[in-house]
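*Asks:* Got a structure for you, written out below as structure tokens; questions coming shortly.
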Amino acid sequence: MEGGKKTIVVALGGNAILQPGQKGTFDEQMVNVHVTCEQLAHMVESGKYRVVVTHGNGPQVGNLLLQNEAGKEVAAPMPLFVCGAESQGLIGLMIQQNLGNLLAEQGKGDIPVATVVTQVVVDKSDPAFANPAKPVGPFYSEEEAKALETEKGYNVREDAGRGWRRVVPSPDPIEINEKAAIRQLVEAKAIVIASGGGGIPVIRENGKLVGVDAVIDKDLAGERLAVDVGASIFMVLTDVDSVRLNYNTPEEKVISTMTVDEAKGYAEEGHFAKGSMDPKVKAAVRFVEAGGEKAIITSLDQAVAALEGRAGTTITKS
């Protein structure tokens with residue numbers, strides 16, 4: 001390991017790229033990413049870590065799907081997994097440019113920053129394929145949705161009284177296909193951005209990789225990335241500074257440290273919201289159980305403090 005440095009995989013939440021209520025213009029996102037990259041630059045500055053970054057892509061892919069729909073008469077729409085690849089390039093560019101500029105300002109312009117378009121292998125027999133449940137893309141009327149179901153074979157579902165949407169599977173990540181390339185880049189002292197949006201879902205068929213329309217949970221994919229590149233630390237950055245029990249109730253309690261067994265117990269008691277904190281804690285537990293030193297859950301502005309044990313929630317084996 002280079003100079004005793006530890007590899008850390010940092011999973012950025014959606015608020016690191018696009019804030020609620022914003023339109024999602026490139027300029028807006030660049031401002032948000034700049035703030036995010038300032039935190040990442042502090043980690044690099046410390047000289048203690050080799051950094052791999054992963055991120056969400058929900059709003060960006062949603063916008064690409066809307067563009068597909070709006071422009072379908074003049075440009076061929078792309079499959080969902082291709083839109084995922086496009087979003088990896090878009091967000092990768094924003095992080096690369098901002099972080100590269102910040103490092104150059106600090107006299108560390110010799111540190112390369114690279115985005116890897118990342119395929120994540122899933123099992124084609126994963127139960128999720130038999131029960132698509134993840135809403136994606138625009139809202140439709142019931143008539144439009146049923147027509148898409150017939151014409152394109154989409155699975156569609158009414159979404160909380162807001163209209164009809166396409167739903168796709170959310171399978172478990174098995175392997176980061178580009179893990180060898182990512183590890184080589186990290187060993188060459190590069191900061192790597194990888195597995196954005198949970199990665200591009202692919203299955204193996206007759207010895208070949210084939211893209212599938214699905215959405216992999218970004219935190220679970222981040223954990224898989226952390227294991228596959230041999231990281232010591234897995235950090236999930238979200239919109240709260242630490243994990244809480246009885247969240248948003250008078251009995252709310254901040255948890256600074258949890259063992260794997262404690263985290264599992266709290267999850268079984270229903271403390272962590274599905275689709276929100278639950279997958280983050282699940283990913284953290286998986287990482288530690290797979291041999292990781294520790295996992296950390298905190299907010300973006302507390303990232304450096306959490307690495308020093310002064311903030312956030314740290315999950316360890318015991």
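In the structure tokens, chains take letters A, B, ... by order of appearance, with residues numbered from 1 within each chain and ligands from 1 in the order shown.
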So which residues touch range 287-299 of chain A within 10 Å, counting only C-alpha atoms, skipping near sequence neighbours fewer than 6 positions away, as a ChimeraX atom specification?
*Replies:* /A:8-13,15-16,220,222-227,230-243,256-260,277,280-281,305-307,309,311-318
*Asks:* Would you output that residue set with C-alpha atoms, as a PDB file, in the first residue's frame?
*Replies:*
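Contents of the output file part-v5.pdb:
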```pdb
ATOM      1  CA  ILE A   8     -11.575   4.867   1.032  1.00  0.00           C
ATOM      2  CA  VAL A   9     -14.686   4.613  -1.122  1.00  0.00           C
ATOM      3  CA  VAL A  10     -16.899   7.681  -0.724  1.00  0.00           C
ATOM      4  CA  ALA A  11     -20.541   7.303  -1.793  1.00  0.00           C
ATOM      5  CA  LEU A  12     -22.109  10.697  -2.507  1.00  0.00           C
ATOM      6  CA  GLY A  13     -25.829  11.218  -1.933  1.00  0.00           C
ATOM      7  CA  ASN A  15     -27.897  16.301  -2.501  1.00  0.00           C
ATOM      8  CA  ALA A  16     -24.177  16.477  -3.275  1.00  0.00           C
ATOM      9  CA  LEU A 220     -25.261  -1.480  -2.194  1.00  0.00           C
ATOM     10  CA  GLY A 222     -20.931   1.317  -3.539  1.00  0.00           C
ATOM     11  CA  GLU A 223     -20.343  -1.392  -0.957  1.00  0.00           C
ATOM     12  CA  ARG A 224     -19.623  -3.907  -3.736  1.00  0.00           C
ATOM     13  CA  LEU A 225     -17.168  -1.425  -5.249  1.00  0.00           C
ATOM     14  CA  ALA A 226     -15.465  -0.926  -1.877  1.00  0.00           C
ATOM     15  CA  VAL A 227     -15.007  -4.675  -1.420  1.00  0.00           C
ATOM     16  CA  GLY A 230      -9.944  -3.666  -1.418  1.00  0.00           C
ATOM     17  CA  ALA A 231     -10.983  -0.529   0.468  1.00  0.00           C
ATOM     18  CA  SER A 232     -10.421  -0.228   4.220  1.00  0.00           C
ATOM     19  CA  ILE A 233     -13.165   2.377   4.721  1.00  0.00           C
ATOM     20  CA  PHE A 234     -16.588   2.799   3.121  1.00  0.00           C
ATOM     21  CA  MET A 235     -18.170   6.221   3.678  1.00  0.00           C
ATOM     22  CA  VAL A 236     -21.788   7.019   2.798  1.00  0.00           C
ATOM     23  CA  LEU A 237     -22.575  10.732   2.626  1.00  0.00           C
ATOM     24  CA  THR A 238     -26.244  11.638   2.922  1.00  0.00           C
ATOM     25  CA  ASP A 239     -28.460  14.514   4.112  1.00  0.00           C
ATOM     26  CA  VAL A 240     -28.203  13.773   7.854  1.00  0.00           C
ATOM     27  CA  ASP A 241     -25.059  14.010   9.958  1.00  0.00           C
ATOM     28  CA  SER A 242     -25.534  10.661  11.721  1.00  0.00           C
ATOM     29  CA  VAL A 243     -27.800   7.649  12.049  1.00  0.00           C
ATOM     30  CA  SER A 256     -22.288   7.600  17.084  1.00  0.00           C
ATOM     31  CA  THR A 257     -21.076   4.003  16.914  1.00  0.00           C
ATOM     32  CA  MET A 258     -22.726   0.673  16.118  1.00  0.00           C
ATOM     33  CA  THR A 259     -21.469  -2.855  15.889  1.00  0.00           C
ATOM     34  CA  VAL A 260     -22.714  -5.006  13.039  1.00  0.00           C
ATOM     35  CA  MET A 277     -31.482   4.958   5.701  1.00  0.00           C
ATOM     36  CA  LYS A 280     -27.238   2.653   3.735  1.00  0.00           C
ATOM     37  CA  VAL A 281     -27.033   0.705   6.988  1.00  0.00           C
ATOM     38  CA  ALA A 305     -14.662  15.223  10.963  1.00  0.00           C
ATOM     39  CA  ALA A 306     -16.304  11.795  10.707  1.00  0.00           C
ATOM     40  CA  LEU A 307     -13.094  10.273   9.352  1.00  0.00           C
ATOM     41  CA  GLY A 309     -14.067  10.105  14.713  1.00  0.00           C
ATOM     42  CA  ALA A 311     -18.897  13.161  13.829  1.00  0.00           C
ATOM     43  CA  GLY A 312     -21.180  10.758  12.016  1.00  0.00           C
ATOM     44  CA  THR A 313     -21.956   7.123  12.747  1.00  0.00           C
ATOM     45  CA  THR A 314     -19.202   4.512  12.554  1.00  0.00           C
ATOM     46  CA  ILE A 315     -20.042   0.821  12.072  1.00  0.00           C
ATOM     47  CA  THR A 316     -17.475  -1.801  13.058  1.00  0.00           C
ATOM     48  CA  LYS A 317     -17.386  -5.562  13.553  1.00  0.00           C
ATOM     49  CA  SER A 318     -17.355  -5.333  17.336  1.00  0.00           C
TER      50      SER A 318
END
```
*Asks:* Run DSSP on the backbone of this structure and report the residues of range 138-254 of chain A it assigns to strand (DSSP E or B), as a PyMOL selection string.
*Replies:* chain A and resi 138-140+155-158+164-168+175-176+191-194+200-205+208-211+233-238+243-245+253-254
*Asks:* Identify which of the residues A:Gly265, A:Ser46, A:Pro169, A:Phe26 lies closest to Val212 in chain A, counting only C-alpha atoms when measuring atom-to-atom distances.
*Replies:* A:Pro169
*Asks:* Can you list every residue in range 132-264 of chain A that DSSP puts in helix (DSSP H, G or I), as JSON, numbers by chain?
*Replies:* {"A": [142, 143, 144, 145, 146, 147, 148, 149, 150, 151, 152, 179, 180, 181, 182, 183, 184, 185, 186, 187, 196, 197, 198, 218, 219, 220, 221, 222, 223, 224, 225, 226, 227, 228, 260, 261, 262, 263, 264]}
*Asks:* What gap, in Å, lies between CA of Ala273 in chain A and CA of Asp217 in chain A?
*Replies:*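 So the two atoms, CA of Ala273 in chain A and CA of Asp217 in chain A, lie 14.5 Å apart.
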*Asks:* Figure out the distance between CA of Gly199 in chain A and CA of Glu308 in chain A, please, to one decimal in Å.
*Replies:*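 Taking CA of Glu308 in chain A as the start and CA of Gly199 in chain A as the end point, the length is 29.3 Å.
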*Asks:* Output as a tab-separated table one row per residue of range 162-257 of chain A within 12 Å of range 139-154 of chain A: the closest atom pair and its distance in Å to one decimal place, counting only C-alpha atoms, sorted by chain and residue number ascending.
*Replies:*
```
residue	atom	partner	partner_atom	distance
A:Arg162	CA	A:Phe139	CA	7.6
A:Gly163	CA	A:Phe139	CA	5.6
A:Trp164	CA	A:Tyr140	CA	4.9
A:Arg165	CA	A:Phe139	CA	5.1
A:Arg166	CA	A:Tyr154	CA	6.4
A:Val167	CA	A:Tyr154	CA	7.6
A:Val168	CA	A:Tyr154	CA	8.3
A:Pro169	CA	A:Tyr154	CA	11.3
A:Asp213	CA	A:Tyr154	CA	10.1
A:Ala214	CA	A:Tyr154	CA	11.7
```
*Asks:* Produce a file of the selected residues containing N, CA and C atoms, as a PDB file, in the first residue's frame.
*Replies:*
```
ATOM      1  N   ARG A 162     -50.184   9.900  -8.261  1.00  0.00           N
ATOM      2  CA  ARG A 162     -49.601  10.966  -9.084  1.00  0.00           C
ATOM      3  C   ARG A 162     -49.651  10.644 -10.579  1.00  0.00           C
ATOM      4  N   GLY A 163     -50.056   9.449 -10.920  1.00  0.00           N
ATOM      5  CA  GLY A 163     -50.053   9.029 -12.315  1.00  0.00           C
ATOM      6  C   GLY A 163     -49.424   7.649 -12.441  1.00  0.00           C
ATOM      7  N   TRP A 164     -49.258   7.213 -13.678  1.00  0.00           N
ATOM      8  CA  TRP A 164     -48.673   5.901 -13.941  1.00  0.00           C
ATOM      9  C   TRP A 164     -47.220   6.054 -14.380  1.00  0.00           C
ATOM     10  N   ARG A 165     -46.390   5.075 -13.971  1.00  0.00           N
ATOM     11  CA  ARG A 165     -44.974   5.109 -14.338  1.00  0.00           C
ATOM     12  C   ARG A 165     -44.478   3.711 -14.697  1.00  0.00           C
ATOM     13  N   ARG A 166     -43.413   3.707 -15.415  1.00  0.00           N
ATOM     14  CA  ARG A 166     -42.724   2.448 -15.661  1.00  0.00           C
ATOM     15  C   ARG A 166     -42.019   2.013 -14.380  1.00  0.00           C
ATOM     16  N   VAL A 167     -42.021   0.713 -14.102  1.00  0.00           N
ATOM     17  CA  VAL A 167     -41.258   0.173 -12.977  1.00  0.00           C
ATOM     18  C   VAL A 167     -40.279  -0.870 -13.510  1.00  0.00           C
ATOM     19  N   VAL A 168     -39.075  -0.886 -12.916  1.00  0.00           N
ATOM     20  CA  VAL A 168     -38.029  -1.807 -13.359  1.00  0.00           C
ATOM     21  C   VAL A 168     -37.480  -2.563 -12.155  1.00  0.00           C
ATOM     22  N   PRO A 169     -36.769  -3.660 -12.400  1.00  0.00           N
ATOM     23  CA  PRO A 169     -36.188  -4.428 -11.287  1.00  0.00           C
ATOM     24  C   PRO A 169     -35.065  -3.660 -10.596  1.00  0.00           C
ATOM     25  N   ASP A 213     -32.334  -3.329 -18.451  1.00  0.00           N
ATOM     26  CA  ASP A 213     -33.006  -2.165 -17.880  1.00  0.00           C
ATOM     27  C   ASP A 213     -33.396  -2.467 -16.435  1.00  0.00           C
ATOM     28  N   ALA A 214     -32.623  -1.914 -15.532  1.00  0.00           N
ATOM     29  CA  ALA A 214     -32.827  -2.113 -14.097  1.00  0.00           C
ATOM     30  C   ALA A 214     -32.139  -0.961 -13.378  1.00  0.00           C
TER      31      ALA A 214
END
```
*Asks:* For CA of Ile216 in chain A and CA of Val53 in chain A, quote the distance in Å rounded to one decimal.
*Replies:* 16.6 Å
*Asks:* Nearest to Leu65 in chain A: which of A:Val136, A:Leu185, A:Ala303, A:Leu40 is it, counting only C-alpha atoms?
*Replies:* A:Val136
*Asks:* With the cut-off set at 9 Å and counting only C-alpha atoms, tabulate each residue of range 202-252 of chain A with an atom at most that distance from an atom of range 108-123 of chain A, showing the nearest atom pair and its distance in Å to one decimal, ordered by chain and increasing number, as CSV.
*Replies:*
```
residue,atom,partner,partner_atom,distance
A:Val202,CA,A:Val121,CA,5.0
A:Ile203,CA,A:Val122,CA,5.5
A:Arg204,CA,A:Val121,CA,7.5
A:Leu209,CA,A:Val121,CA,8.2
A:Gly211,CA,A:Gln119,CA,8.5
A:Ile216,CA,A:Val120,CA,8.5
A:Ala221,CA,A:Val120,CA,7.7
```
*Asks:* Go ahead and write the residues just picked, C-alpha atoms, as a JSON list (two decimals), in the first residue's frame.
*Replies:*
```
[["chain", "number", "residue", "atom", "x", "y", "z"],
["A", 202, "VAL", "CA", -25.42, -6.19, -16.92],
["A", 203, "ILE", "CA", -26.00, -9.93, -16.94],
["A", 204, "ARG", "CA", -23.79, -12.68, -18.32],
["A", 209, "LEU", "CA", -22.11, -9.09, -20.94],
["A", 211, "GLY", "CA", -27.12, -4.58, -20.55],
["A", 216, "ILE", "CA", -29.18, -1.07, -8.71],
["A", 221, "ALA", "CA", -23.29, -1.01, -5.42]]
```
*Asks:* Looking at A:Ala70, A:Ile91, A:Ala181, A:Met43, which one is nearest to Gly58 in chain A, with distances taken over only C-alpha atoms?
*Replies:* A:Ile91
